[in-house]
file entry.cif (mmCIF, C-alpha atoms)
data_input
loop_
_atom_site.label_atom_id
_atom_site.label_comp_id
_atom_site.auth_asym_id
_atom_site.auth_seq_id
_atom_site.Cartn_x
_atom_site.Cartn_y
_atom_site.Cartn_z
CA MET N 1 -5.58 0.26 -8.11
CA ARG N 2 -2.41 2.29 -8.61
CA THR N 3 -4.31 5.52 -9.36
CA PHE N 4 -1.66 7.91 -8.03
CA ALA N 5 1.20 5.97 -9.60
CA ILE N 6 -0.51 6.02 -13.00
CA LEU N 7 -1.13 9.76 -12.70
CA LEU N 8 2.50 10.36 -11.74
CA ALA N 9 3.68 8.26 -14.67
CA VAL N 10 1.75 10.55 -17.01
CA ILE N 11 2.94 13.78 -15.35
CA LEU N 12 6.56 12.65 -15.06
CA THR N 13 6.53 10.96 -18.48
CA ALA N 14 8.31 8.04 -16.84
CA SER N 15 7.56 4.37 -16.38
CA ALA N 16 7.66 2.64 -13.01
CA ASN N 17 8.79 -0.74 -11.77
CA HIS N 18 5.83 -2.27 -9.94
CA PHE N 19 6.02 -4.56 -6.91
CA ASN N 20 3.40 -6.20 -4.70
CA LEU N 21 4.36 -6.99 -1.12
CA GLU N 22 2.18 -9.44 0.80
CA PHE N 23 2.12 -9.02 4.57
CA GLU N 24 0.10 -10.54 7.39
CA GLN N 25 -1.64 -8.74 10.26
CA ASP N 26 -3.78 -10.42 12.92
CA GLY N 27 -4.15 -13.54 10.81
CA SER N 28 -5.25 -11.74 7.64
CA LYS N 29 -3.17 -11.15 4.52
CA TYR N 30 -2.90 -7.82 2.70
CA ILE N 31 -1.07 -6.46 -0.34
CA GLU N 32 1.07 -3.32 -0.23
CA LYS N 33 1.78 -1.87 -3.69
CA VAL N 34 5.06 -0.18 -4.53
CA ASP N 35 6.00 1.80 -7.65
CA ILE N 36 9.61 2.84 -8.22
CA PHE N 37 10.29 5.66 -10.72
CA LYS N 38 14.08 5.32 -10.95
CA LYS N 39 14.61 7.92 -13.68
CA THR N 40 12.81 10.63 -11.77
CA GLY N 41 13.88 9.59 -8.26
CA VAL N 42 10.45 8.82 -6.81
CA ILE N 43 8.93 5.86 -4.94
CA VAL N 44 5.21 5.52 -4.14
CA TYR N 45 3.97 3.11 -1.45
CA ASP N 46 0.25 2.30 -1.31
CA VAL N 47 -0.74 0.55 1.94
CA PRO N 48 -4.33 -0.70 2.38
CA ARG N 49 -6.43 -0.25 5.50
CA HIS N 50 -5.77 -3.14 7.87
CA SER N 51 -6.38 -4.08 11.48
CA ASN N 52 -6.88 -0.79 13.40
CA THR N 53 -4.85 1.38 11.01
CA SER N 54 -5.95 3.63 8.15
CA ALA N 55 -4.98 3.31 4.50
CA MET N 56 -1.87 5.32 3.66
CA THR N 57 -0.02 6.42 0.53
CA LEU N 58 3.58 7.55 0.89
CA LEU N 59 5.72 9.29 -1.72
CA LYS N 60 9.48 9.49 -1.38
CA ASP N 61 11.11 12.25 -3.44
CA TYR N 62 14.82 11.46 -3.61
CA ASN N 63 15.63 14.70 -5.42
CA LEU N 64 14.25 16.87 -2.60
CA ARG N 65 15.03 14.23 0.06
CA LEU N 66 11.44 14.39 1.33
CA ASN N 67 8.83 11.93 2.57
CA VAL N 68 5.20 12.86 1.87
CA MET N 69 2.33 10.96 3.55
CA LYS N 70 -1.17 11.43 2.15
CA ASP N 71 -4.32 11.27 4.29
CA VAL N 72 -7.35 11.12 1.97
CA VAL N 73 -9.85 11.35 4.86
CA GLN N 74 -8.51 14.60 6.35
CA LYS N 75 -7.39 15.78 2.87
CA ARG N 76 -3.89 16.55 4.08
CA CYS N 77 -0.33 15.73 3.13
CA TYR N 78 2.36 15.52 5.81
CA VAL N 79 5.93 16.34 4.79
CA TYR N 80 9.18 15.53 6.58
CA PRO N 81 12.83 15.05 5.51
CA MET N 82 14.40 11.71 4.70
CA GLU N 83 16.99 10.22 7.01
CA LYS N 84 20.63 10.84 6.08
CA ASN N 85 21.12 7.09 5.68
CA GLU N 86 17.96 6.57 3.61
CA PRO N 87 18.30 3.42 1.46
CA THR N 88 18.99 4.24 -2.19
CA LEU N 89 16.50 3.64 -4.99
CA ASP N 90 18.65 0.78 -6.28
CA SER N 91 18.87 -0.91 -2.89
CA VAL N 92 15.10 -0.67 -2.39
CA GLU N 93 14.42 -2.10 -5.84
CA LYS N 94 16.87 -4.94 -5.27
CA GLY N 95 15.31 -5.67 -1.89
CA PHE N 96 11.85 -6.05 -3.41
CA GLU N 97 13.23 -8.27 -6.15
CA MET N 98 14.84 -10.56 -3.58
CA VAL N 99 11.83 -11.06 -1.28
CA LYS N 100 9.67 -12.07 -4.27
CA GLY N 101 6.45 -10.44 -3.13
CA LYS N 102 6.40 -11.49 0.55
CA PHE N 103 7.44 -9.41 3.56
CA PRO N 104 9.95 -11.34 5.74
CA SER N 105 7.88 -11.50 8.92
CA ASN N 106 10.20 -13.71 10.96
CA LYS N 107 12.62 -10.88 11.76
CA PHE N 108 12.38 -7.17 10.96
CA LEU N 109 13.13 -3.70 12.27
CA VAL N 110 10.31 -1.64 13.80
CA ASN N 111 10.14 2.16 13.63
CA GLN N 112 7.67 4.14 15.75
CA LEU N 113 6.87 7.74 14.73
CA ASN N 114 4.76 10.29 16.62
CA MET N 115 4.03 13.15 14.24
CA PHE N 116 2.67 16.59 15.08
CA ALA N 117 1.31 18.77 12.25
CA GLN N 118 2.94 22.18 11.96
CA ASP N 119 2.60 25.11 9.55
CA GLU N 120 1.79 24.80 5.85
CA VAL N 121 4.61 24.14 3.40
CA ASP N 122 5.60 26.75 0.84
CA THR N 123 4.48 24.88 -2.28
CA SER N 124 7.00 26.75 -4.46
CA THR N 125 9.69 24.61 -2.80
CA LEU N 126 8.02 21.33 -3.79
CA SER N 127 8.44 19.23 -6.92
CA LYS N 128 5.87 18.55 -9.61
CA ALA N 129 5.67 14.98 -8.31
CA VAL N 130 4.72 16.11 -4.79
CA ILE N 131 2.21 18.71 -6.00
CA THR N 132 0.55 16.13 -8.26
CA PHE N 133 0.54 13.54 -5.49
CA CYS N 134 -1.10 15.87 -2.95
CA GLN N 135 -3.64 17.28 -5.43
CA ASN N 136 -5.43 20.20 -3.74
CA TYR N 137 -4.87 18.94 -0.20
CA LYS N 138 -3.38 21.07 2.56
CA ILE N 139 0.37 20.30 2.77
CA LEU N 140 1.81 20.50 6.28
CA ASN N 141 5.24 20.11 7.80
CA VAL N 142 5.45 17.65 10.68
CA GLU N 143 7.79 17.35 13.64
CA PHE N 144 8.50 14.33 15.81
CA TYR N 145 8.12 14.53 19.58
CA SER N 146 7.07 12.41 22.49
CA GLU N 147 3.68 13.39 23.94
CA GLN N 148 5.42 14.95 26.95
CA GLN N 149 7.78 17.01 24.77
CA ALA N 150 4.85 18.22 22.65
CA GLU N 151 2.85 19.28 25.70
CA LYS N 152 5.76 21.28 27.08
CA LEU N 153 6.39 23.00 23.74
CA MET N 154 2.67 23.70 23.32
CA GLN N 155 2.59 25.46 26.70
CA GLN N 156 5.52 27.61 25.61
CA LYS N 157 3.77 28.47 22.34
CA ILE N 158 0.58 29.44 24.18
CA LYS N 159 2.46 31.87 26.42
CA GLN N 160 4.29 33.36 23.45
CA HIS N 161 1.04 33.64 21.51
CA PHE N 162 -0.85 35.54 24.20
CA SER N 163 2.12 37.69 25.18
CA THR N 164 1.85 39.36 21.76
CA ARG N 165 -1.83 40.17 22.51
CA SER N 166 -2.81 38.72 19.15
CA LYS N 167 -6.46 39.11 18.11
CA ARG N 168 -6.39 36.09 15.78
CA ARG N 169 -8.99 33.42 16.35
CA ASP N 170 -7.23 30.43 14.82
CA VAL N 171 -6.44 27.13 16.51
CA HIS N 172 -2.78 27.19 15.57
CA VAL N 173 -1.02 28.24 18.73
CA GLY N 174 2.45 29.00 17.52
CA SER N 175 2.78 26.24 14.93
CA PHE N 176 0.98 23.34 16.62
CA MET N 177 -2.32 22.06 15.26
CA ALA N 178 -4.98 21.85 17.95
CA CYS N 179 -7.51 19.02 17.98
CA GLN N 180 -10.87 19.72 16.43
CA ASP N 181 -12.96 17.46 18.63
CA GLY N 182 -16.47 18.82 18.03
CA SER N 183 -15.98 22.32 19.40
CA THR N 184 -15.55 25.19 16.97
CA MET N 185 -12.26 27.03 16.49
CA THR N 186 -13.74 30.14 18.13
CA GLU N 187 -14.92 28.16 21.17
CA GLN N 188 -11.45 26.69 21.67
CA MET N 189 -9.74 30.04 21.42
CA ASN N 190 -12.30 31.76 23.67
CA ASP N 191 -11.57 29.18 26.35
CA LEU N 192 -7.88 30.07 26.25
CA VAL N 193 -8.68 33.79 26.27
CA ARG N 194 -10.68 33.25 29.48
CA CYS N 195 -7.49 32.16 31.27
CA TRP N 196 -5.55 34.99 29.68
CA ASN N 197 -8.03 37.65 30.81
CA ALA N 198 -7.83 36.27 34.34
CA LYS N 199 -4.01 36.46 34.09
CA ARG N 200 -3.87 32.73 34.76
CA VAL N 201 -2.23 31.28 31.69
CA ASP N 202 -0.72 28.77 34.11
CA MET N 203 -4.21 27.25 34.41
CA ILE N 204 -4.29 26.20 30.75
CA LYS N 205 -3.93 22.44 30.63
CA THR N 206 -2.45 20.82 27.54
CA ARG N 207 -2.86 17.19 26.51
CA CYS N 208 -1.23 15.86 23.33
CA ASP N 209 -2.67 12.38 23.28
CA ILE N 210 -5.27 12.10 20.51
CA LYS N 211 -4.02 9.92 17.68
CA TYR N 212 -6.33 10.95 14.86
CA TRP N 213 -4.47 9.09 12.10
CA LYS N 214 -2.85 5.71 12.80
CA ILE N 215 -0.93 4.13 9.94
CA CYS N 216 1.75 1.59 9.26
CA GLY N 217 3.65 0.22 6.29
CA ASN N 218 6.49 -2.06 5.26
CA ASN N 219 9.69 -1.61 3.32
CA VAL N 220 12.65 -3.76 2.31
CA HIS N 221 16.08 -2.90 0.94
CA PHE N 222 19.27 -4.67 0.02
CA GLU N 223 22.25 -4.05 2.28
CA THR N 224 25.64 -4.89 0.75
CA LEU N 225 27.68 -4.70 3.96
CA THR N 226 25.24 -6.89 5.88
CA CYS N 227 25.28 -9.38 3.04
CA LYS N 228 29.07 -9.61 2.97
CA ALA N 229 29.28 -9.92 6.75
CA ALA N 230 26.85 -12.85 6.63
CA GLY N 231 28.88 -14.69 4.03
CA ASN N 232 26.47 -13.79 1.21
CA GLU N 233 23.58 -15.76 2.67
CA ARG N 234 20.59 -14.61 0.65
CA HIS N 235 18.22 -13.96 3.55
CA ALA N 236 20.77 -11.78 5.36
CA CYS N 237 21.14 -9.41 2.39
CA VAL N 238 17.68 -7.90 2.83
CA ILE N 239 16.73 -5.49 5.63
CA PRO N 240 12.94 -5.55 6.24
CA GLU N 241 11.39 -2.61 8.12
CA HIS N 242 7.93 -2.07 9.59
CA THR N 243 6.99 1.54 10.36
CA ARG N 244 4.14 2.57 12.65
CA ALA N 245 3.11 6.21 12.70
CA ASN N 246 0.59 8.31 14.58
CA VAL N 247 -0.43 11.85 13.69
CA ILE N 248 -1.22 13.42 17.08
CA CYS N 249 -3.02 16.64 17.97
CA CYS N 250 -3.10 18.67 21.17
CA ARG N 251 -6.06 19.76 23.33
CA ASN N 252 -5.95 22.91 25.44
CA LYS N 253 -8.45 23.80 28.16
CA CYS N 254 -8.68 26.60 30.67
CA MET N 255 -9.17 24.94 34.08
CA LEU N 256 -10.69 28.00 35.81
#
call {"tool": "encode", "arguments": {"input": "entry.cif", "output": "C-alpha cells"}}
result
Amino acid sequence: MRTFAILLAVILTASANHFNLEFEQDGSKYIEKVDIFKKTGVIVYDVPRHSNTSAMTLLKDYNLRLNVMKDVVQKRCYVYPMEKNEPTLDSVEKGFEMVKGKFPSNKFLVNQLNMFAQDEVDTSTLSKAVITFCQNYKILNVEFYSEQQAEKLMQQKIKQHFSTRSKRRDVHVGSFMACQDGSTMTEQMNDLVRCWNAKRVDMIKTRCDIKYWKICGNNVHFETLTCKAAGNERHACVIPEHTRANVICCRNKCML
C-alpha cells in the first residue's frame, strides 16, 4: 500500500503519477512502487523486503536537493544531498514509462553506499514533505566512508572528545553513532573512560563493521544523449540503476 504517498498527496495537495517496477532477486519477483509528484518536486520509492535486505522507503526532495531514507524498524530517517548530476523528474518519469513496469535486469549500473549516521538535522531547514514523511522519527545526517576511513576518523573524534574532559555520558563520540549491541550507553562510555583515566587512549580499539540496516532499490531514467549516441534505439535510451546501501555503526573498546 502507498500509505506515505497518499499522506503526502493530502499534505501537498498534489496528485502523483504512480508506477510499479517489477524486479527479480534470487529467483523471486518483487514490486517496487514509485510515486512522482511533479508539481511539488518530490519522488517516493517504496521497496519491499527481499532476499537479505530490509524494506526501505526513499523520498527525493528536488527543491532542497535531498535524499531521505526511512527506517521504520529503528524509527530513523537518514538525510544526504543529491548528486549534482541527479536525473531530473521528467527523465525519471520518462524512464519508468519506457520500461513498462519491468526493471531491465540484463544490464544496469550498480551503486554501493556505506552510510554512517551523524548528528541530528535541524528540522527548521526541512520541507513539509520531509517532515511528513519522517513523522516523529529521529532525522540524522549521514556521511559516506569506507570502513577504514570511518575507523580512523572515529579515533580522532575520541581523542578530541576526551581532550575536552567532557562529563557527558552519550554514545556520540564527536558526531559518529556508536553501535548499541546489548550494552548500555553508560557501560560503553565507562569503558572508554577506563582507557582515558589510565592515559592510554591509544588502547581504544575501533571497529566500524556492523551493518545494522542493509537495503537496496532500483531506479530508471531516460538519457537523451545516450539515446542519440545509440541511434535512438529504444533500449539504449533508458539508464537502469541498482543501489545497495548499508548503514554502519562503530564499536569502541578499551583493550586494557
call {"tool": "atom_distance", "arguments": {"input": "entry.cif", "atom1": "CA of Asp119 (chain N)", "atom2": "CA of Val142 (chain N)"}}
result
8.1 Å
call {"tool": "resolve_selection", "arguments": {"input": "entry.cif", "expression": "the PyMOL selection byres ((chain N and resi 86) around 12)", "output": "mmCIF file with C-alpha atoms, in the frame of the given file"}}
result
data_model
loop_
_atom_site.group_PDB
_atom_site.id
_atom_site.type_symbol
_atom_site.label_atom_id
_atom_site.label_comp_id
_atom_site.auth_asym_id
_atom_site.auth_seq_id
_atom_site.Cartn_x
_atom_site.Cartn_y
_atom_site.Cartn_z
ATOM 1 C CA LYS N 60 9.480 9.490 -1.380
ATOM 2 C CA ASP N 61 11.110 12.250 -3.440
ATOM 3 C CA TYR N 62 14.820 11.460 -3.610
ATOM 4 C CA ARG N 65 15.030 14.230 0.060
ATOM 5 C CA LEU N 66 11.440 14.390 1.330
ATOM 6 C CA ASN N 67 8.830 11.930 2.570
ATOM 7 C CA PRO N 81 12.830 15.050 5.510
ATOM 8 C CA MET N 82 14.400 11.710 4.700
ATOM 9 C CA GLU N 83 16.990 10.220 7.010
ATOM 10 C CA LYS N 84 20.630 10.840 6.080
ATOM 11 C CA ASN N 85 21.120 7.090 5.680
ATOM 12 C CA PRO N 87 18.300 3.420 1.460
ATOM 13 C CA THR N 88 18.990 4.240 -2.190
ATOM 14 C CA LEU N 89 16.500 3.640 -4.990
ATOM 15 C CA ASP N 90 18.650 0.780 -6.280
ATOM 16 C CA SER N 91 18.870 -0.910 -2.890
ATOM 17 C CA VAL N 92 15.100 -0.670 -2.390
ATOM 18 C CA ASN N 219 9.690 -1.610 3.320
ATOM 19 C CA VAL N 220 12.650 -3.760 2.310
ATOM 20 C CA HIS N 221 16.080 -2.900 0.940
ATOM 21 C CA PHE N 222 19.270 -4.670 0.020
ATOM 22 C CA GLU N 223 22.250 -4.050 2.280
#
call {"tool": "atom_distance", "arguments": {"input": "entry.cif", "atom1": "CA of Asn114 (chain N)", "atom2": "CA of Asn246 (chain N)"}}
result
5.0 Å
call {"tool": "resolve_selection", "arguments": {"input": "entry.cif", "expression": "the PyMOL selection byres ((chain N and resi 45) around 6)", "output": "MDAnalysis selection string"}}
result
chainID N and resid 33:34 44 46 57:58
call {"tool": "closest_residue", "arguments": {"input": "entry.cif", "among": "N:Cys77, N:Asp71, N:Asn52, N:Thr123", "to": "Asp26 (chain N)", "atoms": "all atoms listed in the file"}}
result
N:Asn52
call {"tool": "atom_distance", "arguments": {"input": "entry.cif", "atom1": "CA of Lys38 (chain N)", "atom2": "CA of Phe133 (chain N)"}}
result
16.8 Å
call {"tool": "residues_near_point", "arguments": {"input": "entry.cif", "point": "(8.0, -3.4, -6.9)", "cutoff": "10 Å", "atoms": "all atoms listed in the file", "output": "PDB file with C-alpha atoms, in the frame of the given file"}}
result
ATOM      1  CA  ALA N  16       7.660   2.640 -13.010  1.00  0.00           C
ATOM      2  CA  ASN N  17       8.790  -0.740 -11.770  1.00  0.00           C
ATOM      3  CA  HIS N  18       5.830  -2.270  -9.940  1.00  0.00           C
ATOM      4  CA  PHE N  19       6.020  -4.560  -6.910  1.00  0.00           C
ATOM      5  CA  ASN N  20       3.400  -6.200  -4.700  1.00  0.00           C
ATOM      6  CA  LEU N  21       4.360  -6.990  -1.120  1.00  0.00           C
ATOM      7  CA  GLU N  32       1.070  -3.320  -0.230  1.00  0.00           C
ATOM      8  CA  LYS N  33       1.780  -1.870  -3.690  1.00  0.00           C
ATOM      9  CA  VAL N  34       5.060  -0.180  -4.530  1.00  0.00           C
ATOM     10  CA  ASP N  35       6.000   1.800  -7.650  1.00  0.00           C
ATOM     11  CA  ILE N  36       9.610   2.840  -8.220  1.00  0.00           C
ATOM     12  CA  ILE N  43       8.930   5.860  -4.940  1.00  0.00           C
ATOM     13  CA  VAL N  44       5.210   5.520  -4.140  1.00  0.00           C
ATOM     14  CA  TYR N  45       3.970   3.110  -1.450  1.00  0.00           C
ATOM     15  CA  VAL N  92      15.100  -0.670  -2.390  1.00  0.00           C
ATOM     16  CA  GLU N  93      14.420  -2.100  -5.840  1.00  0.00           C
ATOM     17  CA  LYS N  94      16.870  -4.940  -5.270  1.00  0.00           C
ATOM     18  CA  GLY N  95      15.310  -5.670  -1.890  1.00  0.00           C
ATOM     19  CA  PHE N  96      11.850  -6.050  -3.410  1.00  0.00           C
ATOM     20  CA  GLU N  97      13.230  -8.270  -6.150  1.00  0.00           C
ATOM     21  CA  LYS N 100       9.670 -12.070  -4.270  1.00  0.00           C
ATOM     22  CA  GLY N 101       6.450 -10.440  -3.130  1.00  0.00           C
TER      23      GLY N 101
END
call {"tool": "resolve_selection", "arguments": {"input": "entry.cif", "expression": "the PyMOL selection byres ((chain N and resi 147-151) around 8)", "output": "VMD selection string"}}
result
chain N and resid 145 to 146 152 to 155 206 to 209 250
call {"tool": "residues_around", "arguments": {"input": "entry.cif", "residues": "Gly27 (chain N)", "least_positions_apart": "3", "cutoff": "12 Å", "atoms": "only C-alpha atoms", "output": "ChimeraX atom specification"}}
result
/N:23-24,30,50-51
call {"tool": "decode", "arguments": {"input": "entry.cif", "residues": "region 193-227 of chain N", "atoms": "N, CA and C atoms", "output": "mmCIF file, in the first residue's frame"}}
result
data_model
loop_
_atom_site.group_PDB
_atom_site.id
_atom_site.type_symbol
_atom_site.label_atom_id
_atom_site.label_comp_id
_atom_site.auth_asym_id
_atom_site.auth_seq_id
_atom_site.Cartn_x
_atom_site.Cartn_y
_atom_site.Cartn_z
ATOM 1 N N VAL N 193 36.255 5.615 29.227
ATOM 2 C CA VAL N 193 36.816 6.415 30.324
ATOM 3 C C VAL N 193 37.937 5.654 31.026
ATOM 4 N N ARG N 194 37.810 4.331 31.090
ATOM 5 C CA ARG N 194 38.835 3.497 31.730
ATOM 6 C C ARG N 194 40.186 3.701 31.039
ATOM 7 N N CYS N 195 40.185 3.726 29.717
ATOM 8 C CA CYS N 195 41.433 3.965 28.983
ATOM 9 C C CYS N 195 41.920 5.394 29.189
ATOM 10 N N TRP N 196 40.953 6.327 29.248
ATOM 11 C CA TRP N 196 41.333 7.726 29.434
ATOM 12 C C TRP N 196 41.988 7.936 30.804
ATOM 13 N N ASN N 197 41.408 7.359 31.839
ATOM 14 C CA ASN N 197 41.966 7.525 33.183
ATOM 15 C C ASN N 197 43.360 6.926 33.303
ATOM 16 N N ALA N 198 43.610 5.882 32.509
ATOM 17 C CA ALA N 198 44.934 5.253 32.515
ATOM 18 C C ALA N 198 45.903 5.975 31.574
ATOM 19 N N LYS N 199 45.413 7.059 30.956
ATOM 20 C CA LYS N 199 46.199 7.822 29.977
ATOM 21 C C LYS N 199 46.666 6.926 28.827
ATOM 22 N N ARG N 200 45.761 6.021 28.421
ATOM 23 C CA ARG N 200 46.078 5.117 27.319
ATOM 24 C C ARG N 200 44.936 5.120 26.284
ATOM 25 N N VAL N 201 44.647 6.300 25.805
ATOM 26 C CA VAL N 201 43.627 6.415 24.756
ATOM 27 C C VAL N 201 44.042 5.615 23.518
ATOM 28 N N ASP N 202 45.360 5.420 23.379
ATOM 29 C CA ASP N 202 45.860 4.646 22.245
ATOM 30 C C ASP N 202 45.420 3.187 22.309
ATOM 31 N N MET N 203 44.923 2.747 23.475
ATOM 32 C CA MET N 203 44.479 1.359 23.632
ATOM 33 C C MET N 203 42.979 1.180 23.340
ATOM 34 N N ILE N 204 42.341 2.240 22.880
ATOM 35 C CA ILE N 204 40.937 2.120 22.475
ATOM 36 C C ILE N 204 40.897 1.599 21.036
ATOM 37 N N LYS N 205 40.264 0.471 20.861
ATOM 38 C CA LYS N 205 40.177 -0.142 19.542
ATOM 39 C C LYS N 205 38.819 0.167 18.920
ATOM 40 N N THR N 206 38.837 0.597 17.678
ATOM 41 C CA THR N 206 37.612 0.956 16.970
ATOM 42 C C THR N 206 37.384 0.018 15.797
ATOM 43 N N ARG N 207 36.161 -0.495 15.690
ATOM 44 C CA ARG N 207 35.767 -1.312 14.550
ATOM 45 C C ARG N 207 34.456 -0.770 13.992
ATOM 46 N N CYS N 208 34.462 -0.382 12.739
ATOM 47 C CA CYS N 208 33.251 0.112 12.070
ATOM 48 C C CYS N 208 32.847 -0.924 11.029
ATOM 49 N N ASP N 209 32.191 -1.979 11.509
ATOM 50 C CA ASP N 209 31.926 -3.098 10.599
ATOM 51 C C ASP N 209 30.545 -3.730 10.784
ATOM 52 N N ILE N 210 29.709 -3.150 11.649
ATOM 53 C CA ILE N 210 28.379 -3.724 11.842
ATOM 54 C C ILE N 210 27.376 -3.035 10.925
ATOM 55 N N LYS N 211 26.851 -3.788 9.994
ATOM 56 C CA LYS N 211 25.853 -3.253 9.072
ATOM 57 C C LYS N 211 24.472 -3.530 9.663
ATOM 58 N N TYR N 212 23.899 -2.530 10.343
ATOM 59 C CA TYR N 212 22.642 -2.798 11.038
ATOM 60 C C TYR N 212 21.411 -2.480 10.197
ATOM 61 N N TRP N 213 21.614 -1.949 8.993
ATOM 62 C CA TRP N 213 20.484 -1.770 8.078
ATOM 63 C C TRP N 213 20.994 -1.950 6.663
ATOM 64 N N LYS N 214 20.594 -3.041 6.019
ATOM 65 C CA LYS N 214 21.019 -3.345 4.652
ATOM 66 C C LYS N 214 19.813 -3.190 3.736
ATOM 67 N N ILE N 215 19.957 -2.338 2.735
ATOM 68 C CA ILE N 215 18.837 -2.048 1.834
ATOM 69 C C ILE N 215 19.325 -1.990 0.400
ATOM 70 N N CYS N 216 18.394 -2.075 -0.523
ATOM 71 C CA CYS N 216 18.715 -1.839 -1.918
ATOM 72 C C CYS N 216 17.444 -1.444 -2.656
ATOM 73 N N GLY N 217 17.613 -0.794 -3.788
ATOM 74 C CA GLY N 217 16.474 -0.363 -4.585
ATOM 75 C C GLY N 217 16.890 -0.121 -6.011
ATOM 76 N N ASN N 218 15.899 0.087 -6.871
ATOM 77 C CA ASN N 218 16.151 0.261 -8.304
ATOM 78 C C ASN N 218 15.570 1.571 -8.807
ATOM 79 N N ASN N 219 16.204 2.095 -9.840
ATOM 80 C CA ASN N 219 15.713 3.322 -10.458
ATOM 81 C C ASN N 219 16.016 3.274 -11.949
ATOM 82 N N VAL N 220 15.231 3.981 -12.721
ATOM 83 C CA VAL N 220 15.488 4.106 -14.162
ATOM 84 C C VAL N 220 15.261 5.557 -14.552
ATOM 85 N N HIS N 221 16.003 6.026 -15.559
ATOM 86 C CA HIS N 221 15.738 7.348 -16.102
ATOM 87 C C HIS N 221 16.118 7.391 -17.570
ATOM 88 N N PHE N 222 15.512 8.312 -18.258
ATOM 89 C CA PHE N 222 15.747 8.489 -19.695
ATOM 90 C C PHE N 222 16.957 9.387 -19.880
ATOM 91 N N GLU N 223 17.845 9.009 -20.780
ATOM 92 C CA GLU N 223 19.054 9.786 -21.034
ATOM 93 C C GLU N 223 19.099 10.172 -22.503
ATOM 94 N N THR N 224 18.868 11.444 -22.787
ATOM 95 C CA THR N 224 18.786 11.931 -24.171
ATOM 96 C C THR N 224 20.080 11.726 -24.937
ATOM 97 N N LEU N 225 21.218 12.084 -24.334
ATOM 98 C CA LEU N 225 22.494 11.973 -25.042
ATOM 99 C C LEU N 225 22.821 10.522 -25.370
ATOM 100 N N THR N 226 22.591 9.632 -24.414
ATOM 101 C CA THR N 226 22.832 8.211 -24.653
ATOM 102 C C THR N 226 21.952 7.703 -25.774
ATOM 103 N N CYS N 227 20.721 8.165 -25.799
ATOM 104 C CA CYS N 227 19.767 7.734 -26.809
ATOM 105 C C CYS N 227 20.220 8.169 -28.206
#
